[in-house]
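Student: Here it is, the structure, as structure tokens.
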Amino acid sequence: MNFQQLRIIRETVRRGFNLTEVANALFTSQSGVSKHIKDLEDELGIELFVRKGKRLLGLTPPGEELVVMVERMLLDAANIKRLADQYRGRDEGQLTVVTTHTQARYALPTVVAAFKHAYPKVHLKLHQGSPGEIVQMLLDGEADIGVATEALAEVPELASFPYYGWQHAVVVPAGHALEQVQPLSLEAITAHPVITYHEGFTGRTRIDQTFARAGLTPDVVMSALDADVIKTYVELGLGVGILASMAFNPSRDPGLRKLDSDHLFAENITRIAVRRGHYLRGFAYRFIELCAPELTEAAVAGAVGGTAS
């Protein structure tokens, strides 16, 4: 058994048993993938996959057990390299943080600046993606830390921690009729077209649930991935904006007005997550602590299953 075979087994399951996709992902040929699988089955003396002709349809019972071991072995192999890197150069290396646009734009800049000042030799990769992409990158070992409001708490393979709480805000162009509505109500908002986030981004589900509980359906005429786009079209008068409160700044958005809407929307919790069993370098723990001081290395390592340095 070799690591190429282990990687092929993992990718075959992750890519729905499509050997063409597996071959492309691992930069090899489909025939090479098939040979590695057959060689491993011959070595073990068991069939790992359910077949129909040359097609793979699923895992056999021993195959299902093996996949769990394969994931653990590949994770441990990656951890060994990170362990060596930790002791070879404590203040050098790479840290990959994956997050949404909103967190990268509004929550993390001060953290990133403080981290780069403390660890100038660490290459920090800040990758932006959807909540689903963030989860997958953490599970695949392509990212060390994930930051998002959605999805992270729902995945048992991830250890996630509260980062900060925030609420949605309602913004309108200066002089808009809603400025005169006191107190602001959901009914008043639904009388106007609405511009907000795409489904699955920045608490959009919570927005929809808030209106649904009130028996209302807002006319969402436009949705966007980030608050800057929402604000642009609100300022053009195309609708009422509902966005993350930290995305509004009176000095940066002089043409907009933020209405008092704290009583309308529940608090959202942005979370920090890492994969359980993933070995974190010392500077990764420091990045998390810069986000939330109560998330000390000992506290995070205990939840992740690592060892505090």
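Within each chain, counting starts at residue 1; across the structure tokens, chains are named A, B, ... in the order shown, with ligands numbered 1 upward in that order.
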Compile the contact shell of region 94-109 of chain A as a short mmCIF file (atom, residue, chain, number, x, y, z; two decimals) with all heavy atoms, in the first residue's frame: residues with an atom at most 9 Å away, counting only C-alpha atoms, same-chain residues fewer than 4 positions apart removed.
Tutor:
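Output (around03.cif):
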data_model
loop_
_atom_site.label_atom_id
_atom_site.label_comp_id
_atom_site.auth_asym_id
_atom_site.auth_seq_id
_atom_site.Cartn_x
_atom_site.Cartn_y
_atom_site.Cartn_z
N ALA A 113 -3.49 42.58 9.82
CA ALA A 113 -2.40 43.56 10.00
C ALA A 113 -1.57 43.23 11.24
O ALA A 113 -0.33 43.27 11.20
CB ALA A 113 -2.98 44.97 10.10
N ALA A 114 -2.24 42.89 12.34
CA ALA A 114 -1.53 42.55 13.58
C ALA A 114 -0.73 41.27 13.40
O ALA A 114 0.40 41.15 13.89
CB ALA A 114 -2.52 42.41 14.73
N LYS A 121 7.53 36.81 8.40
CA LYS A 121 8.06 35.78 7.51
C LYS A 121 7.03 34.70 7.15
O LYS A 121 7.33 33.81 6.36
CB LYS A 121 9.28 35.12 8.15
CG LYS A 121 10.47 36.06 8.32
CD LYS A 121 11.66 35.33 8.90
CE LYS A 121 12.85 36.26 9.08
NZ LYS A 121 14.02 35.54 9.66
N VAL A 122 5.86 34.79 7.74
CA VAL A 122 4.81 33.81 7.43
C VAL A 122 4.01 34.31 6.22
O VAL A 122 3.54 35.44 6.20
CB VAL A 122 3.86 33.60 8.62
CG1 VAL A 122 2.68 32.70 8.22
CG2 VAL A 122 4.62 32.97 9.79
N HIS A 123 3.86 33.43 5.22
CA HIS A 123 3.08 33.77 4.04
C HIS A 123 1.61 33.49 4.36
O HIS A 123 1.20 32.34 4.51
CB HIS A 123 3.53 32.95 2.84
CG HIS A 123 2.72 33.18 1.60
ND1 HIS A 123 2.50 34.44 1.09
CD2 HIS A 123 2.06 32.33 0.78
CE1 HIS A 123 1.75 34.35 0.01
NE2 HIS A 123 1.47 33.08 -0.20
N LEU A 124 0.83 34.54 4.47
CA LEU A 124 -0.59 34.41 4.80
C LEU A 124 -1.41 34.42 3.51
O LEU A 124 -1.41 35.40 2.76
CB LEU A 124 -1.04 35.56 5.71
CG LEU A 124 -2.52 35.59 6.07
CD1 LEU A 124 -2.93 34.35 6.84
CD2 LEU A 124 -2.86 36.85 6.86
N LYS A 125 -2.11 33.32 3.26
CA LYS A 125 -3.00 33.23 2.11
C LYS A 125 -4.43 33.42 2.60
O LYS A 125 -4.94 32.60 3.38
CB LYS A 125 -2.86 31.87 1.41
CG LYS A 125 -1.53 31.65 0.73
CD LYS A 125 -1.47 30.29 0.05
CE LYS A 125 -2.48 30.17 -1.06
NZ LYS A 125 -2.36 28.86 -1.77
N LEU A 126 -5.07 34.49 2.16
CA LEU A 126 -6.46 34.76 2.54
C LEU A 126 -7.33 34.45 1.33
O LEU A 126 -7.38 35.19 0.37
CB LEU A 126 -6.60 36.23 2.95
CG LEU A 126 -7.91 36.62 3.62
CD1 LEU A 126 -8.12 35.86 4.93
CD2 LEU A 126 -7.95 38.12 3.87
N HIS A 127 -8.00 33.32 1.41
CA HIS A 127 -8.80 32.82 0.29
C HIS A 127 -10.27 33.11 0.56
O HIS A 127 -10.77 32.82 1.64
CB HIS A 127 -8.57 31.32 0.12
CG HIS A 127 -9.26 30.73 -1.06
ND1 HIS A 127 -8.65 30.61 -2.29
CD2 HIS A 127 -10.51 30.23 -1.21
CE1 HIS A 127 -9.50 30.06 -3.14
NE2 HIS A 127 -10.64 29.83 -2.52
N GLN A 128 -10.98 33.64 -0.43
CA GLN A 128 -12.40 33.93 -0.28
C GLN A 128 -13.24 32.88 -0.99
O GLN A 128 -12.91 32.44 -2.09
CB GLN A 128 -12.72 35.31 -0.83
CG GLN A 128 -12.06 36.44 -0.06
CD GLN A 128 -12.37 37.79 -0.66
OE1 GLN A 128 -13.51 38.11 -0.93
NE2 GLN A 128 -11.33 38.60 -0.87
N GLY A 129 -14.34 32.47 -0.36
CA GLY A 129 -15.21 31.48 -0.96
C GLY A 129 -16.57 31.48 -0.30
O GLY A 129 -16.83 32.23 0.65
N SER A 130 -17.44 30.63 -0.78
CA SER A 130 -18.76 30.47 -0.19
C SER A 130 -18.64 29.62 1.08
O SER A 130 -17.63 28.94 1.27
CB SER A 130 -19.70 29.77 -1.17
OG SER A 130 -19.30 28.42 -1.36
N PRO A 131 -19.64 29.63 1.95
CA PRO A 131 -19.57 28.76 3.14
C PRO A 131 -19.32 27.30 2.81
O PRO A 131 -18.54 26.62 3.49
CB PRO A 131 -20.94 28.98 3.80
CG PRO A 131 -21.30 30.38 3.43
CD PRO A 131 -20.81 30.54 2.01
N GLU A 133 -17.72 26.12 0.19
CA GLU A 133 -16.33 25.98 -0.25
C GLU A 133 -15.38 26.05 0.94
O GLU A 133 -14.35 25.36 0.97
CB GLU A 133 -16.00 27.09 -1.25
CG GLU A 133 -16.70 26.92 -2.59
CD GLU A 133 -16.56 28.14 -3.49
OE1 GLU A 133 -16.36 29.26 -2.95
OE2 GLU A 133 -16.69 27.99 -4.71
N ILE A 134 -15.72 26.88 1.93
CA ILE A 134 -14.89 26.98 3.13
C ILE A 134 -14.85 25.63 3.85
O ILE A 134 -13.77 25.14 4.23
CB ILE A 134 -15.44 28.07 4.06
CG1 ILE A 134 -15.26 29.44 3.40
CG2 ILE A 134 -14.74 28.03 5.43
CD1 ILE A 134 -15.98 30.56 4.11
N MET A 137 -12.70 23.10 1.83
CA MET A 137 -11.26 23.36 1.90
C MET A 137 -10.69 22.94 3.25
O MET A 137 -9.57 22.42 3.32
CB MET A 137 -10.97 24.84 1.64
CG MET A 137 -11.14 25.25 0.19
SD MET A 137 -10.61 26.96 -0.14
CE MET A 137 -8.83 26.81 0.09
N LEU A 138 -11.46 23.13 4.31
CA LEU A 138 -11.00 22.67 5.63
C LEU A 138 -10.93 21.15 5.68
O LEU A 138 -9.96 20.57 6.16
CB LEU A 138 -11.93 23.19 6.71
CG LEU A 138 -11.89 24.70 7.00
CD1 LEU A 138 -13.03 25.10 7.92
CD2 LEU A 138 -10.55 25.10 7.62
N GLU A 142 -6.85 21.87 2.63
CA GLU A 142 -6.32 22.96 1.81
C GLU A 142 -6.30 24.28 2.56
O GLU A 142 -5.72 25.25 2.08
CB GLU A 142 -7.16 23.10 0.54
CG GLU A 142 -7.10 21.88 -0.38
CD GLU A 142 -8.01 22.03 -1.58
OE1 GLU A 142 -8.58 23.12 -1.77
OE2 GLU A 142 -8.16 21.04 -2.31
N ALA A 143 -6.95 24.34 3.71
CA ALA A 143 -6.96 25.55 4.54
C ALA A 143 -6.76 25.15 6.00
O ALA A 143 -7.18 24.07 6.42
CB ALA A 143 -8.26 26.32 4.36
N ASP A 144 -6.13 26.03 6.74
CA ASP A 144 -5.90 25.79 8.17
C ASP A 144 -7.05 26.30 9.03
O ASP A 144 -7.44 25.67 10.01
CB ASP A 144 -4.59 26.47 8.61
CG ASP A 144 -3.40 25.98 7.82
OD1 ASP A 144 -3.07 24.80 7.95
OD2 ASP A 144 -2.83 26.78 7.06
N ILE A 145 -7.58 27.46 8.66
CA ILE A 145 -8.60 28.14 9.46
C ILE A 145 -9.71 28.62 8.54
O ILE A 145 -9.44 29.14 7.46
CB ILE A 145 -8.00 29.34 10.21
CG1 ILE A 145 -6.90 28.89 11.17
CG2 ILE A 145 -9.08 30.12 10.98
CD1 ILE A 145 -6.07 30.04 11.75
N GLY A 146 -10.95 28.45 8.98
CA GLY A 146 -12.10 28.97 8.24
C GLY A 146 -12.86 29.97 9.09
O GLY A 146 -12.96 29.79 10.31
N VAL A 147 -13.38 31.02 8.47
CA VAL A 147 -14.17 32.03 9.18
C VAL A 147 -15.43 32.29 8.36
O VAL A 147 -15.35 32.71 7.20
CB VAL A 147 -13.38 33.34 9.35
CG1 VAL A 147 -14.22 34.36 10.12
CG2 VAL A 147 -12.06 33.09 10.07
N ALA A 148 -16.59 32.04 8.96
CA ALA A 148 -17.86 32.26 8.27
C ALA A 148 -18.99 32.27 9.28
O ALA A 148 -18.83 31.82 10.42
CB ALA A 148 -18.10 31.19 7.21
N THR A 149 -20.15 32.74 8.85
CA THR A 149 -21.34 32.73 9.70
C THR A 149 -22.13 31.45 9.49
O THR A 149 -22.69 30.90 10.42
CB THR A 149 -22.21 33.96 9.41
OG1 THR A 149 -21.43 35.15 9.61
CG2 THR A 149 -23.42 34.01 10.33
N PHE A 201 -25.32 33.19 1.87
CA PHE A 201 -24.24 34.12 2.21
C PHE A 201 -24.70 35.10 3.29
O PHE A 201 -25.80 35.63 3.26
CB PHE A 201 -23.79 34.93 0.99
CG PHE A 201 -22.93 34.17 0.02
CD1 PHE A 201 -23.49 33.29 -0.88
CD2 PHE A 201 -21.55 34.31 0.04
CE1 PHE A 201 -22.70 32.59 -1.77
CE2 PHE A 201 -20.74 33.61 -0.85
CZ PHE A 201 -21.32 32.75 -1.76
N THR A 202 -23.80 35.34 4.26
CA THR A 202 -23.91 36.43 5.23
C THR A 202 -25.30 36.50 5.86
O THR A 202 -25.93 37.55 5.92
CB THR A 202 -23.53 37.77 4.56
OG1 THR A 202 -22.43 37.59 3.68
CG2 THR A 202 -23.14 38.80 5.63
N LEU A 225 -23.15 39.00 -3.71
CA LEU A 225 -22.27 38.26 -2.82
C LEU A 225 -21.70 39.14 -1.72
O LEU A 225 -21.32 38.64 -0.67
CB LEU A 225 -21.13 37.62 -3.61
CG LEU A 225 -21.50 36.56 -4.63
CD1 LEU A 225 -20.25 36.07 -5.35
CD2 LEU A 225 -22.22 35.39 -3.98
N ASP A 226 -21.58 40.44 -1.97
CA ASP A 226 -20.93 41.29 -0.98
C ASP A 226 -21.67 42.60 -0.80
O ASP A 226 -22.45 43.04 -1.64
CB ASP A 226 -19.47 41.54 -1.35
CG ASP A 226 -19.32 42.33 -2.64
OD1 ASP A 226 -19.52 43.56 -2.60
OD2 ASP A 226 -19.01 41.73 -3.68
N ALA A 227 -21.40 43.22 0.35
CA ALA A 227 -22.12 44.41 0.76
C ALA A 227 -21.82 45.62 -0.13
O ALA A 227 -22.69 46.49 -0.32
CB ALA A 227 -21.79 44.74 2.21
N ALA A 244 -25.02 43.26 6.35
CA ALA A 244 -24.36 43.14 7.66
C ALA A 244 -24.06 44.53 8.20
O ALA A 244 -23.54 45.39 7.49
CB ALA A 244 -23.08 42.33 7.52
N MET A 246 -21.80 45.73 10.09
CA MET A 246 -20.42 46.22 10.08
C MET A 246 -19.99 46.70 8.69
O MET A 246 -18.94 47.32 8.53
CB MET A 246 -19.44 45.15 10.58
CG MET A 246 -19.40 43.87 9.77
SD MET A 246 -20.72 42.75 10.27
CE MET A 246 -20.18 41.20 9.51
N ALA A 247 -20.84 46.44 7.67
CA ALA A 247 -20.50 46.87 6.32
C ALA A 247 -20.87 48.33 6.07
O ALA A 247 -20.51 48.88 5.03
CB ALA A 247 -21.20 45.97 5.30
N THR A 270 -20.69 34.82 13.86
CA THR A 270 -19.61 34.39 12.97
C THR A 270 -18.69 33.47 13.76
O THR A 270 -18.38 33.73 14.93
CB THR A 270 -18.83 35.61 12.44
OG1 THR A 270 -19.69 36.35 11.58
CG2 THR A 270 -17.59 35.18 11.66
N ARG A 281 0.16 24.96 13.31
CA ARG A 281 1.41 25.61 13.70
C ARG A 281 1.13 26.62 14.80
O ARG A 281 0.01 27.11 14.97
CB ARG A 281 2.04 26.31 12.50
CG ARG A 281 2.35 25.42 11.29
CD ARG A 281 3.62 24.62 11.49
NE ARG A 281 4.76 25.49 11.76
CZ ARG A 281 5.50 26.08 10.80
NH1 ARG A 281 5.22 25.89 9.53
NH2 ARG A 281 6.53 26.84 11.14
N PHE A 283 1.84 29.72 14.96
CA PHE A 283 1.33 31.01 14.49
C PHE A 283 -0.14 30.91 14.09
O PHE A 283 -0.85 31.93 14.06
CB PHE A 283 2.18 31.58 13.35
CG PHE A 283 2.47 30.63 12.21
CD1 PHE A 283 1.47 30.22 11.34
CD2 PHE A 283 3.76 30.17 11.99
CE1 PHE A 283 1.74 29.39 10.28
CE2 PHE A 283 4.05 29.33 10.94
CZ PHE A 283 3.03 28.93 10.07
N ALA A 284 -0.64 29.71 13.77
CA ALA A 284 -2.06 29.56 13.47
C ALA A 284 -2.89 29.78 14.74
O ALA A 284 -3.93 30.46 14.72
CB ALA A 284 -2.34 28.17 12.90
N CYS A 291 -8.06 37.02 16.72
CA CYS A 291 -9.48 37.21 16.40
C CYS A 291 -10.31 37.31 17.68
O CYS A 291 -11.16 38.19 17.81
CB CYS A 291 -9.99 36.04 15.56
SG CYS A 291 -9.33 35.95 13.89
#
Student: Give me, as a PyMOL selection string, all polymer residues having an atom no more than 10 Å from region 184-192 of chain A, counting only C-alpha atoms and skipping those fewer than 3 positions away in the same chain.
Tutor: chain A and resi 170+177-181+195+210-211+214-221+238-242+259-265
Student: Just the residues within 12 Å of Lys35 (chain A), please, counting only C-alpha atoms, with nothing from its chain fewer than 3 positions along; format it as a ChimeraX atom specification.
Tutor: /A:4-5,8-9,19,23,28-32,38-42,54
Student: Atoms to include: N, CA, C and O atoms. Write the selected residues as a PDB file, in the first residue's frame.
Tutor:
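Result written to result-v8.pdb:
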ATOM      1  N   GLN A   4      -0.051   7.076  -2.958  1.00  0.00           N
ATOM      2  CA  GLN A   4      -0.811   7.364  -4.174  1.00  0.00           C
ATOM      3  C   GLN A   4      -2.098   6.549  -4.190  1.00  0.00           C
ATOM      4  O   GLN A   4      -3.162   7.062  -4.553  1.00  0.00           O
ATOM      5  N   GLN A   5      -2.018   5.305  -3.767  1.00  0.00           N
ATOM      6  CA  GLN A   5      -3.228   4.492  -3.684  1.00  0.00           C
ATOM      7  C   GLN A   5      -4.213   5.073  -2.678  1.00  0.00           C
ATOM      8  O   GLN A   5      -5.419   5.103  -2.921  1.00  0.00           O
ATOM      9  N   ILE A   8      -5.888   8.071  -4.162  1.00  0.00           N
ATOM     10  CA  ILE A   8      -6.860   7.660  -5.184  1.00  0.00           C
ATOM     11  C   ILE A   8      -8.145   7.160  -4.534  1.00  0.00           C
ATOM     12  O   ILE A   8      -9.252   7.488  -4.987  1.00  0.00           O
ATOM     13  N   ILE A   9      -8.023   6.378  -3.472  1.00  0.00           N
ATOM     14  CA  ILE A   9      -9.214   5.892  -2.771  1.00  0.00           C
ATOM     15  C   ILE A   9     -10.034   7.071  -2.255  1.00  0.00           C
ATOM     16  O   ILE A   9     -11.257   7.133  -2.427  1.00  0.00           O
ATOM     17  N   LEU A  19     -14.023   8.142 -12.239  1.00  0.00           N
ATOM     18  CA  LEU A  19     -12.571   7.959 -12.353  1.00  0.00           C
ATOM     19  C   LEU A  19     -11.924   8.995 -13.261  1.00  0.00           C
ATOM     20  O   LEU A  19     -10.730   9.292 -13.116  1.00  0.00           O
ATOM     21  N   ALA A  23      -8.754  11.112 -12.015  1.00  0.00           N
ATOM     22  CA  ALA A  23      -7.513  11.193 -12.793  1.00  0.00           C
ATOM     23  C   ALA A  23      -7.113  12.644 -13.022  1.00  0.00           C
ATOM     24  O   ALA A  23      -5.941  13.014 -12.889  1.00  0.00           O
ATOM     25  N   THR A  28      -3.125  12.311 -13.407  1.00  0.00           N
ATOM     26  CA  THR A  28      -2.714  11.010 -13.904  1.00  0.00           C
ATOM     27  C   THR A  28      -3.744  10.537 -14.919  1.00  0.00           C
ATOM     28  O   THR A  28      -4.651  11.285 -15.295  1.00  0.00           O
ATOM     29  N   SER A  29      -3.628   9.298 -15.371  1.00  0.00           N
ATOM     30  CA  SER A  29      -4.563   8.770 -16.364  1.00  0.00           C
ATOM     31  C   SER A  29      -5.647   7.935 -15.692  1.00  0.00           C
ATOM     32  O   SER A  29      -5.459   7.415 -14.585  1.00  0.00           O
ATOM     33  N   GLN A  30      -6.774   7.785 -16.374  1.00  0.00           N
ATOM     34  CA  GLN A  30      -7.852   6.973 -15.823  1.00  0.00           C
ATOM     35  C   GLN A  30      -7.426   5.517 -15.701  1.00  0.00           C
ATOM     36  O   GLN A  30      -7.761   4.850 -14.732  1.00  0.00           O
ATOM     37  N   SER A  31      -6.656   5.055 -16.672  1.00  0.00           N
ATOM     38  CA  SER A  31      -6.182   3.668 -16.597  1.00  0.00           C
ATOM     39  C   SER A  31      -5.231   3.478 -15.418  1.00  0.00           C
ATOM     40  O   SER A  31      -5.228   2.431 -14.760  1.00  0.00           O
ATOM     41  N   GLY A  32      -4.445   4.512 -15.130  1.00  0.00           N
ATOM     42  CA  GLY A  32      -3.546   4.440 -13.981  1.00  0.00           C
ATOM     43  C   GLY A  32      -4.316   4.381 -12.675  1.00  0.00           C
ATOM     44  O   GLY A  32      -3.949   3.651 -11.749  1.00  0.00           O
ATOM     45  N   LYS A  38      -7.054  -1.639  -8.478  1.00  0.00           N
ATOM     46  CA  LYS A  38      -7.014  -3.107  -8.623  1.00  0.00           C
ATOM     47  C   LYS A  38      -5.819  -3.693  -7.890  1.00  0.00           C
ATOM     48  O   LYS A  38      -5.930  -4.747  -7.227  1.00  0.00           O
ATOM     49  N   ASP A  39      -4.671  -3.024  -7.959  1.00  0.00           N
ATOM     50  CA  ASP A  39      -3.477  -3.521  -7.263  1.00  0.00           C
ATOM     51  C   ASP A  39      -3.703  -3.548  -5.751  1.00  0.00           C
ATOM     52  O   ASP A  39      -3.288  -4.492  -5.071  1.00  0.00           O
ATOM     53  N   LEU A  40      -4.373  -2.499  -5.220  1.00  0.00           N
ATOM     54  CA  LEU A  40      -4.628  -2.463  -3.784  1.00  0.00           C
ATOM     55  C   LEU A  40      -5.602  -3.563  -3.376  1.00  0.00           C
ATOM     56  O   LEU A  40      -5.408  -4.234  -2.353  1.00  0.00           O
ATOM     57  N   GLU A  41      -6.644  -3.771  -4.181  1.00  0.00           N
ATOM     58  CA  GLU A  41      -7.599  -4.841  -3.878  1.00  0.00           C
ATOM     59  C   GLU A  41      -6.920  -6.208  -3.918  1.00  0.00           C
ATOM     60  O   GLU A  41      -7.177  -7.066  -3.069  1.00  0.00           O
ATOM     61  N   ASP A  42      -6.035  -6.414  -4.895  1.00  0.00           N
ATOM     62  CA  ASP A  42      -5.304  -7.684  -4.979  1.00  0.00           C
ATOM     63  C   ASP A  42      -4.388  -7.867  -3.771  1.00  0.00           C
ATOM     64  O   ASP A  42      -4.277  -8.970  -3.217  1.00  0.00           O
ATOM     65  N   LYS A  54     -17.268  -1.921 -15.889  1.00  0.00           N
ATOM     66  CA  LYS A  54     -16.060  -1.176 -15.526  1.00  0.00           C
ATOM     67  C   LYS A  54     -16.370   0.033 -14.642  1.00  0.00           C
ATOM     68  O   LYS A  54     -15.451   0.713 -14.191  1.00  0.00           O
TER      69      LYS A  54
END
Student: Per DSSP on the backbone, filter region 32-84 of chain A down to the residues in strand (DSSP E or B) and report them as a PyMOL selection string.
Tutor: chain A and resi 49-52+55-59
Student: Store the residues picked out above, limited to all heavy atoms, as a short mmCIF file (atom, residue, chain, number, x, y, z; two decimals), in the first residue's frame.
Tutor:
data_model
loop_
_atom_site.label_atom_id
_atom_site.label_comp_id
_atom_site.auth_asym_id
_atom_site.auth_seq_id
_atom_site.Cartn_x
_atom_site.Cartn_y
_atom_site.Cartn_z
N PHE A 49 -14.80 -1.78 -3.89
CA PHE A 49 -15.84 -1.03 -4.60
C PHE A 49 -16.88 -1.97 -5.19
O PHE A 49 -16.57 -3.08 -5.62
CB PHE A 49 -15.22 -0.19 -5.73
CG PHE A 49 -14.32 0.90 -5.23
CD1 PHE A 49 -12.95 0.70 -5.13
CD2 PHE A 49 -14.84 2.14 -4.85
CE1 PHE A 49 -12.13 1.70 -4.66
CE2 PHE A 49 -14.01 3.14 -4.38
CZ PHE A 49 -12.65 2.93 -4.29
N VAL A 50 -18.11 -1.49 -5.22
CA VAL A 50 -19.19 -2.19 -5.92
C VAL A 50 -19.10 -1.78 -7.39
O VAL A 50 -19.00 -0.59 -7.71
CB VAL A 50 -20.56 -1.79 -5.35
CG1 VAL A 50 -21.68 -2.47 -6.13
CG2 VAL A 50 -20.65 -2.14 -3.87
N ARG A 51 -19.14 -2.76 -8.28
CA ARG A 51 -18.93 -2.49 -9.71
C ARG A 51 -20.12 -2.93 -10.55
O ARG A 51 -20.85 -3.86 -10.19
CB ARG A 51 -17.67 -3.20 -10.21
CG ARG A 51 -16.37 -2.65 -9.67
CD ARG A 51 -15.21 -3.51 -10.14
NE ARG A 51 -13.91 -2.89 -9.91
CZ ARG A 51 -13.26 -2.93 -8.75
NH1 ARG A 51 -13.81 -3.54 -7.71
NH2 ARG A 51 -12.08 -2.35 -8.62
N LYS A 52 -20.28 -2.24 -11.67
CA LYS A 52 -21.17 -2.67 -12.73
C LYS A 52 -20.40 -2.55 -14.02
O LYS A 52 -20.22 -1.45 -14.56
CB LYS A 52 -22.44 -1.82 -12.79
CG LYS A 52 -23.43 -2.31 -13.85
CD LYS A 52 -24.71 -1.50 -13.81
CE LYS A 52 -25.71 -2.03 -14.84
NZ LYS A 52 -26.98 -1.25 -14.82
N ARG A 55 -17.64 0.28 -14.39
CA ARG A 55 -18.03 1.44 -13.59
C ARG A 55 -18.04 1.12 -12.11
O ARG A 55 -18.41 0.01 -11.70
CB ARG A 55 -19.43 1.93 -14.01
CG ARG A 55 -19.47 2.55 -15.38
CD ARG A 55 -20.91 2.89 -15.75
NE ARG A 55 -21.53 3.74 -14.73
CZ ARG A 55 -22.80 3.64 -14.38
NH1 ARG A 55 -23.58 2.74 -14.91
NH2 ARG A 55 -23.29 4.47 -13.45
N LEU A 56 -17.62 2.09 -11.32
CA LEU A 56 -17.70 1.96 -9.87
C LEU A 56 -19.00 2.62 -9.40
O LEU A 56 -19.30 3.76 -9.77
CB LEU A 56 -16.50 2.65 -9.20
CG LEU A 56 -15.11 2.15 -9.59
CD1 LEU A 56 -14.05 2.85 -8.76
CD2 LEU A 56 -15.00 0.64 -9.44
N LEU A 57 -19.76 1.91 -8.59
CA LEU A 57 -21.06 2.40 -8.13
C LEU A 57 -21.05 2.84 -6.67
O LEU A 57 -21.89 3.63 -6.25
CB LEU A 57 -22.13 1.33 -8.32
CG LEU A 57 -22.32 0.80 -9.74
CD1 LEU A 57 -23.44 -0.23 -9.76
CD2 LEU A 57 -22.65 1.94 -10.70
N GLY A 58 -20.13 2.28 -5.89
CA GLY A 58 -20.11 2.60 -4.47
C GLY A 58 -19.07 1.78 -3.76
O GLY A 58 -18.21 1.14 -4.38
N LEU A 59 -19.13 1.81 -2.42
CA LEU A 59 -18.17 1.09 -1.60
C LEU A 59 -18.78 -0.19 -1.06
O LEU A 59 -19.97 -0.24 -0.72
CB LEU A 59 -17.74 1.96 -0.42
CG LEU A 59 -16.86 3.18 -0.72
CD1 LEU A 59 -16.81 4.10 0.48
CD2 LEU A 59 -15.46 2.74 -1.14
#
Student: Mind pulling up the distance from CA of Asp91 (chain A) to CA of Ala159 (chain A)?
Tutor: 24.5 Å
Student: Which residues are close to Leu158 (chain A), i.e. within 10 Å by only C-alpha atoms, leaving aside same-chain residues fewer than 5 positions away? Reply as number ranges by chain.
Tutor: A: 135, 138-139, 146, 152-153, 272-278, 303-304
Student: Output C-alpha atoms for every residue in that selection, as a compact mmCIF listing (two decimals), in the first residue's frame.
Tutor:
# COMPACT_ATOMS: atom_id res chain seq x y z
CA VAL A 135 -16.07 23.70 4.68
CA LEU A 138 -11.00 22.67 5.63
CA LEU A 139 -11.98 19.02 5.19
CA GLY A 146 -12.10 28.97 8.24
CA LEU A 152 -19.23 25.70 10.08
CA ALA A 153 -21.16 24.68 13.21
CA ILE A 272 -13.86 30.27 13.47
CA ALA A 273 -13.29 26.63 12.54
CA VAL A 274 -10.49 24.14 12.02
CA ARG A 275 -10.61 20.48 11.10
CA ARG A 276 -10.47 18.13 14.06
CA GLY A 277 -7.13 16.35 14.18
CA HIS A 278 -5.48 18.96 11.93
CA ALA A 303 -11.12 20.99 21.13
CA VAL A 304 -9.23 20.20 17.93
Student: From a DSSP pass on the backbone, collect the residues of region 135-287 of chain A flagged as alpha helix (DSSP H) and hand them back as a ChimeraX atom specification.
Tutor: /A:135-139,186-190,204-213,227-235,282-287
Student: What is the distance between CA of Met73 (chain A) and CA of Phe27 (chain A), in Å to one decimal?
Tutor: 21.3 Å
Student: Could you pull the residues within 6 Å of Gln167 (chain A), counting only C-alpha atoms, minus those fewer than 6 positions along the same chain, as a PyMOL selection string?
Tutor: chain A and resi 245+267-268
Student: For the selection just defined, write its residues with N, CA, C and O atoms to a file, as a PDB file, in the first residue's frame.
Tutor:
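This is the output file again_21.pdb:
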ATOM      1  N   SER A 245     -24.373  44.742   9.481  1.00  0.00           N
ATOM      2  CA  SER A 245     -24.246  46.076  10.061  1.00  0.00           C
ATOM      3  C   SER A 245     -22.822  46.615   9.973  1.00  0.00           C
ATOM      4  O   SER A 245     -22.624  47.822   9.789  1.00  0.00           O
ATOM      5  N   GLU A 267     -29.581  38.203  16.298  1.00  0.00           N
ATOM      6  CA  GLU A 267     -28.121  38.231  16.217  1.00  0.00           C
ATOM      7  C   GLU A 267     -27.595  37.036  15.418  1.00  0.00           C
ATOM      8  O   GLU A 267     -28.108  35.924  15.522  1.00  0.00           O
ATOM      9  N   ASN A 268     -26.589  37.288  14.612  1.00  0.00           N
ATOM     10  CA  ASN A 268     -25.862  36.235  13.897  1.00  0.00           C
ATOM     11  C   ASN A 268     -24.514  36.033  14.577  1.00  0.00           C
ATOM     12  O   ASN A 268     -23.934  36.987  15.103  1.00  0.00           O
TER      13      ASN A 268
END
Student: What lies within 12 Å of Val68 (chain A) using only C-alpha atoms, ignoring chain neighbours under 3 positions off, as a PyMOL selection string?
Tutor: chain A and resi 6+9-10+13+59+61-65+71-75
Student: Counting only C-alpha atoms, figure out which residue out of A:Arg204, A:Tyr233, A:Tyr279, A:Phe17 gets nearest to Lys81 (chain A).
Tutor: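 Under the stated criterion, the closest residue is A:Tyr279.
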Student: Which residue, A:Asp208, A:Ser223, A:Gly203, A:Ser160, has the smallest gap to Leu295 (chain A) when you use only C-alpha atoms?
Tutor: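 Closest residue, counting only C-alpha atoms: A:Ser160.
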Student: Need the shell around Leu26 (chain A): protein/DNA/RNA residues with any atom at most 9 Å away, counting only C-alpha atoms. Skip same-chain ones fewer than 4 positions apart. Format as a list in words?
Tutor: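 So, after excluding close chain neighbours, the residues are Arg7, Ile8, Glu11, Glu21 and Val22 of chain A.
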Student: Check the smallest atom-to-atom distance from each of A:Ile46, A:Leu256, A:Met222, A:Val112 to Pro173 (chain A) using only C-alpha atoms, then report the winner.
Tutor: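 Between A:Ile46, A:Leu256, A:Met222, A:Val112, the residue approaching Pro173 (chain A) most closely is A:Leu256.
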